[in-house]
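Asker: The file below is work22.cif, mmCIF, C-alpha atoms:
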data_upload
loop_
_atom_site.label_atom_id
_atom_site.label_comp_id
_atom_site.auth_asym_id
_atom_site.auth_seq_id
_atom_site.Cartn_x
_atom_site.Cartn_y
_atom_site.Cartn_z
CA MET A 1 0.00 0.00 0.00
CA PRO A 2 1.80 3.16 -1.10
CA VAL A 3 2.09 5.84 1.50
CA TYR A 4 0.13 8.41 -0.45
CA TYR A 5 -3.06 6.50 0.36
CA TYR A 6 -2.43 7.16 4.04
CA ILE A 7 -1.42 10.75 3.36
CA PHE A 8 -4.66 11.39 1.53
CA LEU A 9 -6.74 9.70 4.24
CA ALA A 10 -5.07 11.71 7.01
CA VAL A 11 -5.35 14.97 5.07
CA ALA A 12 -9.04 14.30 4.40
CA LEU A 13 -9.73 13.59 8.08
CA PHE A 14 -7.79 16.71 9.06
CA SER A 15 -9.72 18.96 6.70
CA ILE A 16 -13.04 17.45 7.84
CA GLY A 17 -11.96 18.45 11.36
CA VAL A 18 -11.11 21.96 10.13
CA ILE A 19 -14.51 22.28 8.45
CA GLY A 20 -16.13 21.14 11.70
CA VAL A 21 -14.29 23.78 13.73
CA LEU A 22 -15.30 26.50 11.28
CA ILE A 23 -18.93 25.51 10.84
CA ARG A 24 -20.24 24.40 14.20
CA ARG A 25 -21.18 26.74 16.99
CA ASN A 26 -21.37 24.29 19.86
CA ALA A 27 -18.15 24.50 21.89
CA ILE A 28 -18.16 20.77 22.67
CA ILE A 29 -18.41 19.76 19.01
CA ILE A 30 -15.60 22.17 18.13
CA PHE A 31 -13.49 20.45 20.78
CA MET A 32 -14.34 17.05 19.32
CA CYS A 33 -13.24 18.19 15.86
CA VAL A 34 -9.89 19.21 17.36
CA GLU A 35 -9.54 15.65 18.65
CA LEU A 36 -10.33 14.40 15.17
CA MET A 37 -7.50 16.53 13.77
CA LEU A 38 -5.12 15.11 16.36
CA ASN A 39 -6.08 11.58 15.38
CA ALA A 40 -5.50 12.31 11.71
CA ALA A 41 -1.97 13.43 12.56
CA ASN A 42 -1.46 10.29 14.67
CA LEU A 43 -2.49 8.06 11.78
CA LEU A 44 -0.08 9.81 9.45
CA LEU A 45 2.79 9.47 11.94
CA VAL A 46 2.21 5.73 12.31
CA ALA A 47 2.06 5.30 8.52
CA PHE A 48 5.36 7.14 8.10
CA SER A 49 6.98 5.06 10.82
CA LYS A 50 6.04 1.90 8.94
CA MET A 51 7.31 3.42 5.71
CA HIS A 52 10.72 4.08 7.22
CA HIS A 53 10.68 0.66 8.80
CA GLN A 54 10.10 -0.87 5.40
CA ALA A 55 12.98 1.11 3.97
CA MET A 56 15.40 0.20 6.75
CA ILE A 57 14.31 -3.35 7.37
CA HIS A 58 17.58 -4.88 6.28
CA THR A 59 19.80 -2.74 8.45
CA ASN A 60 17.88 -2.30 11.69
CA SER A 61 14.79 -4.20 12.57
CA THR A 62 13.38 -1.79 15.13
CA ALA A 63 14.17 1.40 13.30
CA ALA A 64 11.69 4.26 13.13
CA SER A 65 9.78 3.42 16.29
CA ASP A 66 10.27 7.02 17.41
CA ALA A 67 7.11 8.08 15.62
CA GLN A 68 5.00 5.57 17.51
CA VAL A 69 6.45 6.76 20.84
CA PHE A 70 5.58 10.28 19.71
CA VAL A 71 2.00 9.20 18.97
CA PHE A 72 1.84 7.83 22.51
CA PHE A 73 2.86 11.23 23.88
CA ILE A 74 0.36 13.00 21.63
CA MET A 75 -2.37 10.85 23.18
CA VAL A 76 -1.07 11.77 26.64
CA VAL A 77 -1.25 15.48 25.84
CA ALA A 78 -4.70 15.12 24.26
CA ALA A 79 -6.06 13.42 27.37
CA ALA A 80 -4.74 16.18 29.64
CA GLU A 81 -6.03 18.87 27.29
CA VAL A 82 -9.51 17.33 27.13
CA SER A 83 -9.85 17.25 30.91
CA VAL A 84 -8.88 20.90 31.33
CA GLY A 85 -10.89 22.04 28.29
CA LEU A 86 -14.06 20.32 29.46
CA ALA A 87 -13.61 21.85 32.92
CA ILE A 88 -13.49 25.28 31.27
CA ILE A 89 -16.59 24.53 29.18
CA VAL A 90 -18.51 23.34 32.24
CA MET A 91 -17.56 26.54 34.11
CA MET A 92 -18.73 28.67 31.17
CA TYR A 93 -21.98 26.78 31.08
CA ARG A 94 -22.43 27.30 34.79
CA ASN A 95 -22.06 31.05 34.36
CA THR A 96 -23.96 31.66 31.15
CA HIS A 97 -26.11 28.52 30.65
CA SER A 98 -25.07 28.28 27.03
CA VAL A 99 -22.37 26.47 25.08
CA ASP A 100 -22.74 28.66 22.03
CA VAL A 101 -19.37 30.15 21.11
CA ASN A 102 -20.93 33.25 19.61
CA PHE A 103 -22.66 33.85 22.90
CA LEU A 104 -19.47 33.27 24.85
CA ASN A 105 -17.83 35.89 22.63
CA ARG A 106 -19.70 38.55 24.54
CA LEU A 107 -17.66 37.90 27.67
CA LYS A 108 -15.56 40.93 26.85
CA ASN A 109 -18.44 43.27 27.64
CA MET B 1 -7.83 -7.28 -4.22
CA SER B 2 -6.26 -8.95 -1.29
CA VAL B 3 -7.85 -9.06 2.12
CA ILE B 4 -5.59 -6.31 3.45
CA GLU B 5 -6.55 -3.92 0.66
CA THR B 6 -10.23 -4.65 1.17
CA MET B 7 -9.87 -3.99 4.87
CA PHE B 8 -8.01 -0.76 4.15
CA TRP B 9 -10.73 0.57 1.88
CA PHE B 10 -13.51 -0.53 4.21
CA LEU B 11 -11.87 1.12 7.24
CA SER B 12 -11.12 4.30 5.25
CA VAL B 13 -14.72 4.64 4.08
CA MET B 14 -15.95 4.01 7.61
CA ALA B 15 -13.56 6.60 9.08
CA LEU B 16 -14.38 9.29 6.52
CA GLY B 17 -18.13 8.65 6.64
CA ALA B 18 -18.23 8.76 10.41
CA ALA B 19 -16.10 11.95 10.45
CA VAL B 20 -18.51 13.66 8.05
CA MET B 21 -21.41 12.59 10.25
CA VAL B 22 -19.64 14.04 13.31
CA VAL B 23 -19.65 17.45 11.66
CA ALA B 24 -23.08 17.18 10.06
CA SER B 25 -25.09 15.64 12.84
CA LYS B 26 -27.71 17.75 14.60
CA SER B 27 -27.59 16.21 18.04
CA PRO B 28 -24.34 16.34 20.04
CA VAL B 29 -24.83 12.81 21.36
CA TYR B 30 -24.92 11.44 17.81
CA SER B 31 -21.74 13.39 17.04
CA ILE B 32 -19.98 11.78 19.98
CA LEU B 33 -21.10 8.30 18.92
CA PHE B 34 -19.92 8.87 15.37
CA LEU B 35 -16.58 10.09 16.69
CA ILE B 36 -16.25 6.86 18.68
CA LEU B 37 -16.89 4.99 15.42
CA THR B 38 -14.14 7.08 13.77
CA PHE B 39 -11.72 6.13 16.54
CA PHE B 40 -12.52 2.46 16.05
CA ALA B 41 -11.83 2.80 12.33
CA ILE B 42 -8.50 4.52 13.02
CA SER B 43 -7.59 1.79 15.50
CA GLY B 44 -8.40 -0.72 12.78
CA HIS B 45 -5.89 1.10 10.56
CA TYR B 46 -3.31 0.86 13.33
CA ILE B 47 -3.88 -2.90 13.55
CA LEU B 48 -3.45 -3.21 9.78
CA LEU B 49 -0.11 -1.45 10.18
CA ASN B 50 0.75 -3.82 13.03
CA ALA B 51 0.96 -0.98 15.53
CA GLN B 52 -0.75 -3.15 18.13
CA PHE B 53 0.11 -1.16 21.23
CA LEU B 54 -1.17 2.09 19.72
CA ALA B 55 -4.38 0.46 18.53
CA ILE B 56 -5.24 -0.78 22.02
CA VAL B 57 -4.14 2.48 23.69
CA ASN B 58 -6.25 4.41 21.17
CA ILE B 59 -9.33 2.38 22.07
CA ILE B 60 -8.75 2.54 25.80
CA VAL B 61 -7.73 6.20 26.08
CA TYR B 62 -9.63 7.94 23.29
CA ALA B 63 -12.78 5.90 22.75
CA GLY B 64 -12.93 4.61 26.27
CA ALA B 65 -12.01 7.55 28.48
CA ILE B 66 -12.05 10.82 26.55
CA MET B 67 -15.29 10.17 24.67
CA VAL B 68 -17.00 8.94 27.83
CA LEU B 69 -15.94 12.20 29.49
CA PHE B 70 -17.48 14.13 26.59
CA LEU B 71 -20.65 12.09 26.94
CA PHE B 72 -20.82 12.83 30.68
CA VAL B 73 -20.53 16.56 30.02
CA VAL B 74 -23.17 16.50 27.27
CA MET B 75 -25.56 14.52 29.46
CA LEU B 76 -24.86 16.88 32.36
CA MET B 77 -25.76 19.89 30.27
CA ASN B 78 -28.75 18.05 28.79
CA LEU B 79 -27.89 19.03 25.23
CA ASN B 80 -30.05 17.65 22.50
CA ALA B 81 -31.00 18.47 18.94
CA GLU B 82 -33.44 21.23 19.91
CA SER B 83 -31.07 23.19 22.12
CA GLU B 84 -28.30 23.08 19.51
CA PRO B 85 -27.19 26.56 18.42
CA HIS B 86 -27.38 27.01 14.68
CA GLN B 87 -25.80 29.53 12.39
CA LYS B 88 -28.22 32.33 11.65
CA ASN B 89 -26.24 33.38 8.60
CA LYS B 90 -26.03 30.60 5.99
CA TRP B 91 -23.05 32.24 4.31
CA PHE B 92 -20.83 31.32 7.23
CA LEU B 93 -21.52 27.65 6.59
CA TYR B 94 -20.55 27.95 2.94
CA ILE B 95 -17.42 29.98 3.72
CA GLY B 96 -16.36 27.44 6.35
CA ALA B 97 -16.90 24.51 4.00
CA ILE B 98 -15.03 26.26 1.17
CA SER B 99 -12.11 27.14 3.46
CA GLY B 100 -11.77 23.58 4.70
CA GLY B 101 -12.13 22.21 1.21
CA SER B 102 -9.47 24.53 -0.15
CA LEU B 103 -7.14 23.43 2.66
CA LEU B 104 -7.67 19.85 1.48
CA LEU B 105 -6.99 20.84 -2.13
CA VAL B 106 -3.81 22.74 -1.26
CA MET B 107 -2.38 19.89 0.76
CA VAL B 108 -3.19 17.29 -1.89
CA ALA B 109 -1.76 19.48 -4.64
CA ALA B 110 1.42 20.11 -2.68
CA LEU B 111 2.10 16.39 -2.41
CA LYS B 112 0.98 15.41 -5.88
CA ASN B 113 4.29 15.26 -7.70
CA VAL B 114 6.50 14.20 -4.84
CA SER B 115 8.14 10.95 -5.86
CA ALA B 116 8.84 9.92 -2.29
CA THR B 117 5.18 9.27 -1.72
CA ASN B 118 5.29 6.14 -3.82
CA GLN B 119 7.18 4.26 -1.18
CA LEU B 120 5.44 1.26 0.23
CA VAL B 121 4.20 1.03 3.77
CA GLN B 122 4.89 -2.24 5.48
CA MET B 123 1.60 -3.71 6.55
CA ASN B 124 0.49 -6.69 8.51
CA ASN B 125 3.80 -7.52 10.15
CA GLY B 126 6.94 -5.84 11.32
CA GLU B 127 8.40 -5.50 14.76
CA VAL B 128 8.10 -1.78 15.21
CA GLY B 129 4.65 -1.70 16.73
CA LEU B 130 5.02 -4.55 19.16
CA ILE B 131 4.69 -3.58 22.77
CA LYS B 132 8.05 -5.09 23.73
CA ASN B 133 10.01 -2.95 21.29
CA LEU B 134 8.00 0.17 22.03
CA GLY B 135 8.43 -0.44 25.73
CA ILE B 136 12.19 -0.75 25.40
CA LYS B 137 12.30 2.46 23.36
CA LEU B 138 10.03 4.28 25.78
CA PHE B 139 11.93 3.37 28.91
CA THR B 140 15.47 3.81 27.62
CA ASP B 141 15.53 6.64 25.11
CA TYR B 142 12.38 8.48 26.09
CA VAL B 143 12.24 8.01 29.84
CA PHE B 144 12.53 11.76 30.53
CA PRO B 145 9.41 12.76 28.54
CA PHE B 146 7.64 9.81 30.12
CA GLU B 147 8.28 11.15 33.61
CA ILE B 148 7.47 14.71 32.56
CA SER B 149 4.12 13.48 31.21
CA SER B 150 3.23 12.34 34.71
CA VAL B 151 3.89 15.91 35.91
CA LEU B 152 1.70 17.11 33.01
CA PHE B 153 -1.14 14.90 34.17
CA LEU B 154 -0.74 16.12 37.72
CA SER B 155 -0.95 19.73 36.59
CA ALA B 156 -3.98 18.97 34.39
CA MET B 157 -5.78 17.34 37.32
CA ILE B 158 -5.00 20.24 39.63
CA GLY B 159 -6.04 22.70 36.92
CA ALA B 160 -9.35 20.95 36.32
CA VAL B 161 -10.15 20.92 40.04
CA VAL B 162 -9.15 24.55 40.52
CA ILE B 163 -11.17 25.72 37.53
CA SER B 164 -14.32 23.96 38.69
CA LYS B 165 -14.30 25.14 42.28
CA LYS B 166 -17.32 27.11 43.34
CA GLU B 167 -16.63 30.56 44.70
CA GLY B 168 -16.45 30.75 48.49
#
Can you present the structure in this file as structure tokens?

Answerer:
Amino acid sequence: MPVYYYIFLAVALFSIGVIGVLIRRNAIIIFMCVELMLNAANLLLVAFSKMHHQAMIHTNSTAASDAQVFVFFIMVVAAAEVSVGLAIIVMMYRNTHSVDVNFLNRLKN
Amino acid sequence: MSVIETMFWFLSVMALGAAVMVVASKSPVYSILFLILTFFAISGHYILLNAQFLAIVNIIVYAGAIMVLFLFVVMLMNLNAESEPHQKNKWFLYIGAISGGSLLLVMVAALKNVSATNQLVQMNNGEVGLIKNLGIKLFTDYVFPFEISSVLFLSAMIGAVVISKKEG
């Protein structure tokens, strides 16, 4: 399977996430589309790690596992970010009773 | 087509279809369920690439913990299809879709003539994704970020508790 299949799949998932962030007004769904973008990047990293593994399979049999360790750390950071982000959204909801981002924009007044 | 190619196309269609339904769905609960389906499809891709550890961690962490947290918050706020805020101005929807679509076009066009993208990806076997090799790599070369990530989790927990405290 050539790597450009995976590149196109990850780019398509990423741009669907971008469209979701731009279109939706619910703060929780925007947050979920950010997670979708992170997963697209994870998929691409794993595909590239296997591509380099295929290229270096005769010299070093565990080469290019750095990308998969990096994906592990991306998941760590995403989990921490989700917990703090949802705490912020719950606090906003407690104050304004709305999760509409256009409504939350009026905080500056 | 071999079994692996069939599985690849099936998982890709499932991932892309579920991602589109995440964005297009009216009710937030349906969006969360479609996102869980997307994560299962991506974990299926990881298994095809023999990244076994990442496939299981993806299911456990993303689909099992993060999405359940999202579902708790949505149920707590009692969001449903009627209380969903919608764009009053339809032009914003079109502009958003065109911007995202043009991002897709630019990225695909930038990689179109690169000859390095014809390299093959090793699927279905390979020792890179096995938990033993990843564990050795994680605990020898990357032990410092591993310990720092525990500090990151501690700060995220403290931050979440501090943010949600009631006044007084």

Asker: Counting all atoms listed in the file, which residues from chain B have an atom at most 7 Å from any atom of chain A, and could you show them as a PyMOL selection string?

Answerer: chain B and resi 16+19-20+23+28+66+85-86+93+96-97+100-101+103-104+108+117-122+127-128+134+138+153+156+159-160+163-164

Asker: In terms of the shortest atom-to-atom distance over all atoms listed in the file, which of B:Asn78, B:Ser25, B:Ile131, B:Ser43 is closest to Val61 of chain B?

Answerer: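 Smallest distance to Val61 of chain B is found for B:Ser43.
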
Asker: Could you tell me how far atom CA of Gly17 of chain B lies from atom CA of Val29 of chain B, in Å and to one decimal?

Answerer: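 Atom-to-atom, atom CA of Gly17 of chain B and atom CA of Val29 of chain B are spaced 16.7 Å apart.
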
Asker: If you measure from atom CA of Ile42 of chain B to atom CA of Gly135 of chain B, what distance in Å do you get, rounded to one decimal?

Answerer: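 These two atoms are separated by 21.7 Å.
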
Asker: Please, what distance in Å, to one decimal, runs between atom CA of Leu11 of chain B and atom CA of Ala24 of chain B?

Answerer: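 According to the coordinates, atom CA of Leu11 of chain B and atom CA of Ala24 of chain B are separated by 19.8 Å.
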
Asker: Which residues would end up in the selection if the PyMOL selection byres ((chain B and resi 63) around 12) were applied here, given that I need the answer as a VMD selection string?

Answerer: (chain A and resid 32 35 to 36 39 75 79) or (chain B and resid 32 to 43 55 to 62 64 to 71)

Asker: Mind rebuilding segment 21-46 of chain A with N, CA and C atoms and writing that out as a short mmCIF file (atom, residue, chain, number, x, y, z; two decimals), in the frame of the given file?

Answerer:
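As a result, out06.cif now contains:
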data_model
loop_
_atom_site.label_atom_id
_atom_site.label_comp_id
_atom_site.auth_asym_id
_atom_site.auth_seq_id
_atom_site.Cartn_x
_atom_site.Cartn_y
_atom_site.Cartn_z
N VAL A 21 -14.60 22.66 12.83
CA VAL A 21 -14.29 23.78 13.73
C VAL A 21 -14.85 25.07 13.18
N LEU A 22 -14.84 25.24 11.85
CA LEU A 22 -15.30 26.50 11.28
C LEU A 22 -16.81 26.59 11.23
N ILE A 23 -17.49 25.44 11.09
CA ILE A 23 -18.93 25.51 10.84
C ILE A 23 -19.73 25.49 12.14
N ARG A 24 -19.37 24.61 13.05
CA ARG A 24 -20.24 24.40 14.20
C ARG A 24 -20.11 25.49 15.23
N ARG A 25 -21.21 25.72 15.97
CA ARG A 25 -21.18 26.74 16.99
C ARG A 25 -21.18 26.18 18.40
N ASN A 26 -21.38 24.89 18.53
CA ASN A 26 -21.37 24.29 19.86
C ASN A 26 -19.92 24.07 20.28
N ALA A 27 -19.55 24.55 21.47
CA ALA A 27 -18.15 24.50 21.89
C ALA A 27 -17.67 23.06 22.05
N ILE A 28 -18.58 22.16 22.46
CA ILE A 28 -18.16 20.77 22.67
C ILE A 28 -17.85 20.10 21.35
N ILE A 29 -18.65 20.40 20.31
CA ILE A 29 -18.41 19.76 19.01
C ILE A 29 -17.14 20.32 18.38
N ILE A 30 -16.86 21.60 18.62
CA ILE A 30 -15.60 22.17 18.13
C ILE A 30 -14.43 21.44 18.77
N PHE A 31 -14.54 21.17 20.07
CA PHE A 31 -13.49 20.45 20.78
C PHE A 31 -13.31 19.05 20.21
N MET A 32 -14.43 18.39 19.88
CA MET A 32 -14.34 17.05 19.32
C MET A 32 -13.68 17.06 17.96
N CYS A 33 -13.90 18.12 17.17
CA CYS A 33 -13.24 18.19 15.86
C CYS A 33 -11.74 18.41 16.03
N VAL A 34 -11.33 19.08 17.09
CA VAL A 34 -9.89 19.21 17.36
C VAL A 34 -9.30 17.84 17.66
N GLU A 35 -10.03 17.01 18.40
CA GLU A 35 -9.54 15.65 18.65
C GLU A 35 -9.45 14.85 17.38
N LEU A 36 -10.39 15.09 16.46
CA LEU A 36 -10.33 14.40 15.17
C LEU A 36 -9.08 14.78 14.39
N MET A 37 -8.72 16.09 14.45
CA MET A 37 -7.50 16.53 13.77
C MET A 37 -6.27 15.87 14.37
N LEU A 38 -6.26 15.77 15.71
CA LEU A 38 -5.12 15.11 16.36
C LEU A 38 -5.01 13.66 15.93
N ASN A 39 -6.13 12.98 15.79
CA ASN A 39 -6.08 11.58 15.38
C ASN A 39 -5.62 11.42 13.96
N ALA A 40 -5.98 12.39 13.09
CA ALA A 40 -5.50 12.31 11.71
C ALA A 40 -3.98 12.40 11.69
N ALA A 41 -3.43 13.31 12.50
CA ALA A 41 -1.97 13.43 12.56
C ALA A 41 -1.33 12.17 13.13
N ASN A 42 -1.99 11.54 14.11
CA ASN A 42 -1.46 10.29 14.67
C ASN A 42 -1.39 9.20 13.62
N LEU A 43 -2.45 9.09 12.81
CA LEU A 43 -2.49 8.06 11.78
C LEU A 43 -1.37 8.26 10.78
N LEU A 44 -1.13 9.54 10.42
CA LEU A 44 -0.08 9.81 9.45
C LEU A 44 1.30 9.48 10.02
N LEU A 45 1.50 9.78 11.32
CA LEU A 45 2.79 9.47 11.94
C LEU A 45 3.05 7.97 11.96
N VAL A 46 2.01 7.18 12.27
CA VAL A 46 2.21 5.73 12.31
C VAL A 46 2.49 5.20 10.91
#
